[in-house]
file run-v7.tsv (TSV, C-alpha atoms)
chain	number	residue	atom	x	y	z
M	1	MET	CA	113.64	132.81	114.75
M	2	ASN	CA	111.31	130.83	116.97
M	3	ASN	CA	112.17	127.17	116.27
M	4	ARG	CA	109.43	125.97	118.57
M	5	GLN	CA	106.80	127.18	116.13
M	6	GLU	CA	108.56	125.67	113.08
M	7	LYS	CA	108.12	122.06	114.14
M	8	ASN	CA	104.95	120.11	113.45
M	9	VAL	CA	103.07	119.23	116.61
M	10	ALA	CA	100.03	117.02	116.08
M	11	LEU	CA	97.13	116.69	118.49
M	12	VAL	CA	95.23	113.50	117.63
M	13	ALA	CA	91.71	113.13	119.00
M	14	GLY	CA	90.38	109.58	118.79
M	15	ALA	CA	93.73	107.94	119.48
M	16	THR	CA	92.33	104.46	120.18
M	17	GLY	CA	90.32	104.11	116.96
M	18	ILE	CA	91.54	102.23	113.90
M	19	VAL	CA	92.04	105.54	112.07
M	20	GLY	CA	93.70	107.33	114.98
M	21	GLN	CA	96.11	104.51	115.82
M	22	GLN	CA	97.43	104.28	112.28
M	23	LEU	CA	97.63	108.06	111.97
M	24	ILE	CA	99.79	108.24	115.10
M	25	ARG	CA	102.15	105.64	113.67
M	26	ALA	CA	102.42	107.55	110.38
M	27	LEU	CA	102.98	110.91	112.08
M	28	SER	CA	105.67	109.44	114.32
M	29	ALA	CA	107.39	107.86	111.32
M	30	GLN	CA	107.49	111.32	109.73
M	31	HIS	CA	109.04	112.76	112.90
M	32	TRP	CA	106.11	114.79	114.08
M	33	GLN	CA	105.71	115.43	117.77
M	34	VAL	CA	102.46	113.65	118.62
M	35	ILE	CA	100.07	114.24	121.51
M	36	SER	CA	97.13	111.86	121.72
M	37	LEU	CA	93.72	112.46	123.25
M	38	SER	CA	91.38	109.71	124.32
M	39	ARG	CA	88.38	109.32	126.60
M	40	GLN	CA	89.71	105.86	127.44
M	41	ARG	CA	92.55	105.32	129.85
M	42	GLN	CA	93.92	102.23	128.09
M	43	PRO	CA	95.71	103.57	124.99
M	44	ASP	CA	97.88	101.46	122.71
M	45	PRO	CA	100.95	100.38	124.72
M	46	GLY	CA	103.12	101.72	121.91
M	47	GLN	CA	101.71	105.23	122.26
M	48	SER	CA	103.31	107.83	124.45
M	49	ASN	CA	102.18	111.28	125.51
M	50	VAL	CA	98.52	110.30	125.84
M	51	LEU	CA	96.10	112.60	127.63
M	52	ALA	CA	92.75	111.40	128.95
M	53	VAL	CA	90.10	114.07	128.46
M	54	ASP	CA	86.34	114.16	128.14
M	55	LEU	CA	85.78	116.63	125.32
M	56	LEU	CA	82.11	116.87	126.25
M	57	ASP	CA	83.22	118.66	129.40
M	58	GLN	CA	84.24	122.16	128.33
M	59	GLN	CA	85.77	123.08	131.69
M	60	GLN	CA	87.89	119.93	131.83
M	61	SER	CA	88.87	120.36	128.19
M	62	ASN	CA	90.08	123.89	128.79
M	63	GLN	CA	92.01	122.79	131.85
M	64	VAL	CA	93.73	119.79	130.23
M	65	LEU	CA	94.39	121.44	126.88
M	66	SER	CA	95.66	124.78	128.20
M	67	ALA	CA	99.21	123.42	128.51
M	68	LEU	CA	99.39	122.36	124.85
M	69	THR	CA	100.82	125.64	123.63
M	70	GLU	CA	102.85	124.25	120.72
M	71	VAL	CA	100.16	122.35	118.79
M	72	THR	CA	100.12	123.24	115.10
M	73	HIS	CA	97.71	120.60	113.74
M	74	ILE	CA	94.55	118.98	115.10
M	75	PHE	CA	93.65	115.60	113.62
M	76	TYR	CA	90.12	114.79	114.69
M	77	SER	CA	88.72	111.28	114.33
M	78	ALA	CA	86.90	110.95	117.67
M	79	TRP	CA	83.22	110.09	117.74
M	80	LEU	CA	80.61	109.16	120.29
M	81	ASN	CA	77.88	106.64	119.59
M	82	ALA	CA	74.21	107.18	120.44
M	83	PRO	CA	70.91	105.32	119.97
M	84	ASP	CA	70.08	107.04	116.67
M	85	TRP	CA	71.51	109.44	114.10
M	86	ALA	CA	69.76	112.49	115.57
M	87	ALA	CA	71.07	111.80	119.06
M	88	MET	CA	74.62	111.60	117.72
M	89	VAL	CA	74.67	115.17	116.45
M	90	LYS	CA	74.89	117.28	119.60
M	91	PRO	CA	77.59	115.37	121.51
M	92	ASN	CA	79.80	114.91	118.47
M	93	VAL	CA	79.58	118.54	117.42
M	94	THR	CA	80.15	119.65	121.01
M	95	MET	CA	83.35	117.63	121.35
M	96	LEU	CA	84.81	119.19	118.21
M	97	GLN	CA	83.75	122.67	119.31
M	98	ASN	CA	85.33	122.30	122.73
M	99	LEU	CA	88.61	121.06	121.29
M	100	VAL	CA	89.01	123.66	118.57
M	101	SER	CA	87.88	126.59	120.69
M	102	SER	CA	90.28	125.56	123.48
M	103	MET	CA	93.27	125.16	121.18
M	104	GLU	CA	92.63	128.41	119.32
M	105	GLN	CA	93.25	130.28	122.56
M	106	VAL	CA	96.61	128.74	123.45
M	107	ALA	CA	98.36	127.30	120.37
M	108	PRO	CA	99.75	128.49	116.99
M	109	LEU	CA	97.12	126.47	115.16
M	110	GLN	CA	97.68	125.95	111.42
M	111	HIS	CA	95.25	123.22	110.44
M	112	VAL	CA	92.26	121.20	111.65
M	113	SER	CA	91.71	117.84	109.95
M	114	LEU	CA	88.23	116.32	110.27
M	115	MET	CA	87.63	112.63	109.60
M	116	GLN	CA	84.24	112.02	108.02
M	117	GLY	CA	82.67	109.33	105.84
M	118	TYR	CA	80.08	108.65	103.19
M	119	LYS	CA	77.25	109.42	105.62
M	120	VAL	CA	77.55	113.02	104.43
M	121	TYR	CA	76.16	111.71	101.12
M	122	GLY	CA	73.29	109.89	102.82
M	123	ALA	CA	74.94	106.48	102.53
M	124	HIS	CA	73.54	105.38	105.89
M	125	LEU	CA	69.96	106.07	104.81
M	126	GLY	CA	69.72	103.77	101.81
M	127	PRO	CA	70.56	103.86	98.11
M	128	PHE	CA	72.27	107.13	97.14
M	129	LYS	CA	73.94	108.65	94.10
M	130	THR	CA	77.18	106.93	93.14
M	131	PRO	CA	79.89	107.68	92.62
M	132	ALA	CA	79.51	110.16	95.47
M	133	ARG	CA	81.40	113.38	94.83
M	134	GLU	CA	82.49	116.15	97.15
M	135	SER	CA	80.48	118.61	95.07
M	136	ASP	CA	77.22	116.71	95.63
M	137	ALA	CA	74.40	118.63	97.30
M	138	GLY	CA	73.83	118.05	100.99
M	139	VAL	CA	71.29	115.59	102.34
M	140	PRO	CA	68.48	116.71	104.68
M	141	GLY	CA	68.19	115.16	108.12
M	142	ALA	CA	70.31	114.82	111.23
M	143	GLU	CA	73.89	113.66	110.59
M	144	PHE	CA	76.83	114.67	112.75
M	145	ASN	CA	79.57	114.61	110.07
M	146	ALA	CA	77.83	117.29	108.06
M	147	GLU	CA	77.04	119.37	111.14
M	148	GLN	CA	80.66	119.18	112.31
M	149	LEU	CA	81.96	120.42	108.98
M	150	ARG	CA	79.35	123.15	108.80
M	151	TRP	CA	80.47	124.44	112.20
M	152	LEU	CA	84.17	124.07	111.39
M	153	ALA	CA	83.91	125.95	108.09
M	154	ASP	CA	82.02	128.78	109.77
M	155	ARG	CA	84.51	128.89	112.63
M	156	GLN	CA	87.47	129.12	110.26
M	157	GLN	CA	86.23	132.29	108.57
M	158	GLY	CA	88.80	135.04	109.11
M	159	LYS	CA	91.22	132.74	110.98
M	160	ALA	CA	94.86	131.98	110.19
M	161	TRP	CA	94.31	128.22	110.29
M	162	HIS	CA	92.64	126.06	107.66
M	163	TRP	CA	90.66	122.82	107.64
M	164	SER	CA	90.38	119.67	105.57
M	165	ALA	CA	87.82	116.85	105.67
M	166	LEU	CA	88.61	113.26	104.71
M	167	ARG	CA	85.92	110.80	103.62
M	168	PRO	CA	87.16	107.19	103.42
M	169	GLY	CA	85.35	104.07	102.29
M	170	VAL	CA	85.39	100.97	104.49
M	171	VAL	CA	88.74	101.19	106.29
M	172	GLY	CA	91.15	98.25	106.30
M	173	SER	CA	93.37	98.12	109.39
M	174	ASP	CA	95.54	95.68	111.32
M	175	ARG	CA	94.54	97.13	114.70
M	176	PRO	CA	92.50	94.71	116.86
M	177	GLY	CA	89.94	95.46	119.55
M	178	ASN	CA	87.69	97.74	117.51
M	179	SER	CA	84.34	96.68	116.10
M	180	MET	CA	84.88	98.90	113.03
M	181	ASN	CA	87.80	96.76	111.86
M	182	MET	CA	86.08	95.04	108.95
M	183	ALA	CA	89.13	93.03	107.92
M	184	LEU	CA	89.47	91.53	111.38
M	185	SER	CA	85.78	90.61	111.52
M	186	LEU	CA	86.20	88.80	108.20
M	187	ALA	CA	89.32	87.04	109.44
M	188	LEU	CA	87.56	85.88	112.61
M	189	TYR	CA	84.56	84.63	110.65
M	190	ALA	CA	86.75	82.74	108.19
M	191	SER	CA	88.81	81.26	111.03
M	192	LEU	CA	85.64	80.00	112.73
M	193	CYS	CA	84.43	78.45	109.46
M	194	ARG	CA	87.75	76.73	108.99
M	195	ALA	CA	87.76	75.37	112.54
M	196	GLU	CA	84.19	74.10	112.13
M	197	LYS	CA	84.95	72.67	108.66
M	198	LEU	CA	82.32	74.86	107.05
M	199	PRO	CA	82.41	76.71	103.72
M	200	LEU	CA	82.74	80.48	103.76
M	201	ARG	CA	79.24	81.74	103.04
M	202	PHE	CA	78.71	85.40	102.31
M	203	PRO	CA	76.61	86.62	105.28
M	204	GLY	CA	74.56	89.23	103.41
M	205	SER	CA	71.80	89.38	100.85
M	206	VAL	CA	72.07	88.51	97.18
M	207	GLN	CA	71.72	92.23	96.42
M	208	THR	CA	74.70	93.01	98.67
M	209	TRP	CA	76.65	90.15	97.07
M	210	HIS	CA	76.41	91.92	93.71
M	211	SER	CA	76.77	95.53	94.92
M	212	LEU	CA	79.85	97.69	94.35
M	213	VAL	CA	81.87	98.88	97.32
M	214	ASP	CA	85.15	100.73	97.80
M	215	PHE	CA	87.70	100.37	100.57
M	216	THR	CA	90.44	102.51	102.10
M	217	ASP	CA	93.68	101.13	103.46
M	218	ALA	CA	94.40	102.68	106.87
M	219	GLU	CA	98.00	103.42	105.92
M	220	LEU	CA	96.90	105.17	102.74
M	221	LEU	CA	94.29	107.11	104.71
M	222	ALA	CA	96.89	108.24	107.25
M	223	ASP	CA	99.22	109.44	104.50
M	224	ALA	CA	96.35	111.26	102.79
M	225	THR	CA	95.35	112.91	106.06
M	226	ILE	CA	98.87	114.16	106.72
M	227	TRP	CA	99.20	115.36	103.12
M	228	ALA	CA	95.92	117.30	103.38
M	229	GLY	CA	97.11	118.87	106.61
M	230	GLN	CA	100.05	120.46	104.83
M	231	ALA	CA	99.22	120.92	101.14
M	232	SER	CA	98.08	124.37	100.07
M	233	ASP	CA	95.70	122.84	97.50
M	234	ALA	CA	93.92	120.97	100.31
M	235	ARG	CA	93.07	124.03	102.38
M	236	ASN	CA	89.39	124.22	103.27
M	237	GLN	CA	88.58	121.24	101.06
M	238	ALA	CA	86.80	117.91	101.53
M	239	PHE	CA	88.20	114.78	99.88
M	240	ASN	CA	86.97	111.27	99.28
M	241	VAL	CA	89.84	108.88	100.06
M	242	ASN	CA	89.73	105.35	98.68
M	243	ASN	CA	92.13	102.73	97.39
M	244	GLY	CA	91.34	103.62	93.79
M	245	ASP	CA	89.66	100.39	92.74
M	246	LEU	CA	86.12	99.02	92.95
M	247	TRP	CA	84.98	95.54	93.95
M	248	ARG	CA	81.82	93.52	94.12
M	249	TRP	CA	81.64	91.15	97.05
M	250	SER	CA	80.99	88.40	94.51
M	251	GLU	CA	84.50	89.01	93.14
M	252	LEU	CA	86.26	89.68	96.44
M	253	TRP	CA	84.76	86.77	98.39
M	254	PRO	CA	86.61	84.02	96.50
M	255	VAL	CA	89.89	85.86	97.16
M	256	ILE	CA	89.16	85.90	100.90
M	257	ALA	CA	88.08	82.25	100.91
M	258	ALA	CA	91.19	81.17	99.01
M	259	TRP	CA	93.49	82.87	101.51
M	260	PHE	CA	91.94	80.80	104.29
M	261	ASP	CA	91.87	77.66	102.11
M	262	LEU	CA	88.09	77.53	102.26
M	263	GLU	CA	85.40	76.62	99.80
M	264	ILE	CA	82.55	79.06	99.24
M	265	ALA	CA	78.82	78.33	99.25
M	266	PRO	CA	75.78	80.43	98.32
M	267	PRO	CA	75.10	83.54	100.44
M	268	VAL	CA	72.96	83.21	103.55
M	269	SER	CA	71.75	85.97	105.88
M	270	LEU	CA	73.86	85.78	109.03
M	271	SER	CA	74.63	88.19	111.83
M	272	LEU	CA	78.33	88.11	112.70
M	273	GLN	CA	77.49	89.82	115.96
M	274	GLN	CA	75.25	86.90	116.87
M	275	LEU	CA	77.68	84.34	115.45
M	276	PHE	CA	80.63	85.65	117.45
M	277	SER	CA	78.53	85.52	120.60
M	278	ASP	CA	77.31	81.99	119.80
M	279	TYR	CA	80.85	80.76	119.10
M	280	ARG	CA	82.55	82.57	121.99
M	281	HIS	CA	83.45	79.31	123.73
M	282	ASN	CA	84.55	77.77	120.44
M	283	TRP	CA	87.00	80.63	119.98
M	284	GLN	CA	88.44	79.98	123.43
M	285	ASP	CA	89.24	76.43	122.32
M	286	ILE	CA	90.72	77.69	119.03
M	287	ALA	CA	92.84	80.22	120.91
M	288	ALA	CA	94.13	77.62	123.37
M	289	ALA	CA	94.97	75.12	120.63
M	290	ASN	CA	96.83	77.73	118.56
M	291	GLN	CA	98.32	79.83	121.38
M	292	LEU	CA	96.52	82.97	120.25
M	293	VAL	CA	96.93	86.23	122.11
M	294	GLN	CA	93.23	86.84	122.81
M	295	PRO	CA	90.92	83.99	123.87
M	296	ASP	CA	87.82	86.22	123.90
M	297	ILE	CA	86.57	86.81	120.39
M	298	LEU	CA	84.36	89.69	121.56
M	299	ALA	CA	87.45	91.53	122.80
M	300	LEU	CA	88.72	91.45	119.23
M	301	SER	CA	85.48	92.40	117.48
M	302	ASP	CA	81.79	92.16	118.31
M	303	GLY	CA	80.86	91.89	114.62
M	304	SER	CA	78.38	94.77	114.69
M	305	PHE	CA	80.09	96.93	112.07
M	306	ALA	CA	80.44	93.96	109.74
M	307	ASP	CA	76.69	93.41	110.02
M	308	PHE	CA	76.17	97.06	109.13
M	309	VAL	CA	78.37	96.75	106.03
M	310	PHE	CA	76.79	93.49	104.91
M	311	GLY	CA	73.40	95.15	105.23
M	312	TRP	CA	74.19	97.52	102.35
M	313	HIS	CA	72.08	96.10	99.53
M	314	TYR	CA	73.12	99.00	97.29
M	315	ASP	CA	76.33	100.39	95.78
M	316	MET	CA	78.64	102.17	98.24
M	317	PHE	CA	81.46	104.10	96.62
M	318	GLY	CA	82.83	107.56	96.03
M	319	ASP	CA	84.80	109.28	93.30
M	320	GLY	CA	88.41	109.48	94.49
M	321	SER	CA	89.71	111.65	91.69
M	322	LYS	CA	89.59	115.03	93.45
M	323	ILE	CA	92.33	114.25	95.97
M	324	ARG	CA	94.56	112.75	93.29
M	325	GLN	CA	94.08	115.76	91.04
M	326	ALA	CA	95.07	117.93	94.00
M	327	GLY	CA	98.37	116.10	94.46
M	328	PHE	CA	97.90	112.93	96.52
M	329	HIS	CA	98.64	110.02	94.19
M	330	GLN	CA	98.73	106.84	96.26
M	331	TYR	CA	96.72	103.77	95.28
M	332	ARG	CA	96.24	100.37	96.91
M	333	ALA	CA	94.92	97.13	95.44
M	334	THR	CA	92.07	96.13	97.74
M	335	ASP	CA	92.45	92.37	97.30
M	336	ARG	CA	96.14	92.67	98.18
M	337	MET	CA	95.23	94.87	101.16
M	338	PHE	CA	92.97	92.21	102.64
M	339	CYS	CA	95.51	89.43	102.12
M	340	ASP	CA	98.25	91.52	103.72
M	341	LEU	CA	96.04	92.32	106.71
M	342	PHE	CA	95.14	88.65	107.18
M	343	ALA	CA	98.85	87.81	107.13
M	344	ARG	CA	99.51	90.43	109.80
M	345	PHE	CA	96.74	89.06	111.99
M	346	ARG	CA	98.25	85.60	111.70
M	347	ALA	CA	101.79	86.81	112.37
M	348	ALA	CA	100.53	88.61	115.49
M	349	ARG	CA	98.79	85.40	116.62
M	350	ILE	CA	95.40	87.08	116.53
M	351	ILE	CA	94.03	84.37	114.23
M	352	PRO	CA	95.30	80.80	113.74
call {"tool": "encode", "arguments": {"input": "run-v7.tsv", "output": "structure tokens"}}
result
Amino acid sequence: MNNRQEKNVALVAGATGIVGQQLIRALSAQHWQVISLSRQRQPDPGQSNVLAVDLLDQQQSNQVLSALTEVTHIFYSAWLNAPDWAAMVKPNVTMLQNLVSSMEQVAPLQHVSLMQGYKVYGAHLGPFKTPARESDAGVPGAEFNAEQLRWLADRQQGKAWHWSALRPGVVGSDRPGNSMNMALSLALYASLCRAEKLPLRFPGSVQTWHSLVDFTDAELLADATIWAGQASDARNQAFNVNNGDLWRWSELWPVIAAWFDLEIAPPVSLSLQQLFSDYRHNWQDIAAANQLVQPDILALSDGSFADFVFGWHYDMFGDGSKIRQAGFHQYRATDRMFCDLFARFRAARIIP
């Protein structure tokens, strides 16, 4: 019996993202062998076995990946930004194509996991049908998540491996240094308000204040991703993955303010990206006074993703029942998630 092919060997693309970092931790805790891919050369210091590769370069990809002959599972959460949605399609599809086609040739591949999001439902375009369901009809227009899955499903036809696609809500993570960490952006904003003796104003519109939104704890998402990579009922299936509860910002905001011992005041349209830039020197003073680990607030978050989220003046949530009916049963209380993440940021001396 070939024991080398019995063990689970994960290849994680997008190792420096908030999804990829947590996934690596979860895989390692479950005793997988983990190989990480990243275009950056500064991975998490806690990560080992990290390969730098530009997946846009097919020749380099083939060369670097040719030695990975034991990989059983690809977990793909890499993405490349571009000026508009249409421009994002080609490079992001190309990276996935180069990775999968390279690994098919050299490894005993069993599963390819694709991280997606609610953009497949048209969430980025404006108001859309909610709750969004995996069975919903596709949306016309350029969108790389949908194109990636279309290619992957076609590629899998007649192959021994299978795929799964995970679609989280707004992800909650304790990993700093990524603009998509919504919880950290909130913590930085609240910390600035506290230092300046200001109330915590909701920085979006009144419509956003009253809209419904769902969230996904990064630990829950990692567990769901690993489950889908192994469960027979998850083969060639897409799943919404959320905490299992729904919140309006009008209900969640007082919880956030209370954790930071702040009063709230009526919403006002603010850009956190602009605010973090304006208060960059203020944060340096806060960091020095509280011995924080990072004196540059923009190295923690630039606020851009938070602005994107607070710009949603419509409901943003999916139906999470399909994955739970298939066998993944975890839930997470979103208010507790945020409070726990804030506590971790404070314990790590990221916020005062």
call {"tool": "residues_around", "arguments": {"input": "run-v7.tsv", "residues": "Gln148 in chain M", "least_positions_apart": "2", "cutoff": "10 Å", "atoms": "only C-alpha atoms", "output": "ChimeraX atom specification"}}
result
/M:89-90,92-97,114-116,143-146,150-153
call {"tool": "closest_residue", "arguments": {"input": "run-v7.tsv", "among": "M:Ala15, M:Val9, M:Val120, M:Ala160", "to": "Trp85 in chain M", "atoms": "only C-alpha atoms"}}
result
M:Val120
call {"tool": "closest_residue", "arguments": {"input": "run-v7.tsv", "among": "M:Ala299, M:Val213, M:Ala78, M:Ile286", "to": "Leu252 in chain M", "atoms": "only C-alpha atoms"}}
result
M:Val213
call {"tool": "closest_residue", "arguments": {"input": "run-v7.tsv", "among": "M:Leu55, M:Ile323, M:Ala348, M:Leu275", "to": "Ala231 in chain M", "atoms": "all atoms listed in the file"}}
result
M:Ile323
call {"tool": "closest_residue", "arguments": {"input": "run-v7.tsv", "among": "M:Ile35, M:Val12, M:Leu270, M:Val64", "to": "Gly204 in chain M", "atoms": "only C-alpha atoms"}}
result
M:Leu270
call {"tool": "residues_near_point", "arguments": {"input": "run-v7.tsv", "point": "(83.0, 75.6, 105.8)", "cutoff": "10 Å", "atoms": "all atoms listed in the file", "output": "ChimeraX atom specification"}}
result
/M:190-201,257,261-265
call {"tool": "write_last_selection", "arguments": {"input": "run-v7.tsv", "atoms": "C-alpha atoms", "output": "compact mmCIF listing (two decimals), in the frame of the given file"}}
result
# COMPACT_ATOMS: atom_id res chain seq x y z
CA ALA M 190 86.75 82.74 108.19
CA SER M 191 88.81 81.26 111.03
CA LEU M 192 85.64 80.00 112.73
CA CYS M 193 84.43 78.45 109.46
CA ARG M 194 87.75 76.73 108.99
CA ALA M 195 87.76 75.37 112.54
CA GLU M 196 84.19 74.10 112.13
CA LYS M 197 84.95 72.67 108.66
CA LEU M 198 82.32 74.86 107.05
CA PRO M 199 82.41 76.71 103.72
CA LEU M 200 82.74 80.48 103.76
CA ARG M 201 79.24 81.74 103.04
CA ALA M 257 88.08 82.25 100.91
CA ASP M 261 91.87 77.66 102.11
CA LEU M 262 88.09 77.53 102.26
CA GLU M 263 85.40 76.62 99.80
CA ILE M 264 82.55 79.06 99.24
CA ALA M 265 78.82 78.33 99.25
call {"tool": "closest_residue", "arguments": {"input": "run-v7.tsv", "among": "M:Asp54, M:Asp84, M:Asp340, M:Asp154", "to": "Asp174 in chain M", "atoms": "only C-alpha atoms"}}
result
M:Asp340
call {"tool": "atom_distance", "arguments": {"input": "run-v7.tsv", "atom1": "CA of Asp296 in chain M", "atom2": "CA of Leu341 in chain M"}}
result
20.0 Å
call {"tool": "closest_residue", "arguments": {"input": "run-v7.tsv", "among": "M:Ile350, M:Leu80, M:Ala132, M:Ile297", "to": "Val241 in chain M", "atoms": "all atoms listed in the file"}}
result
M:Ala132
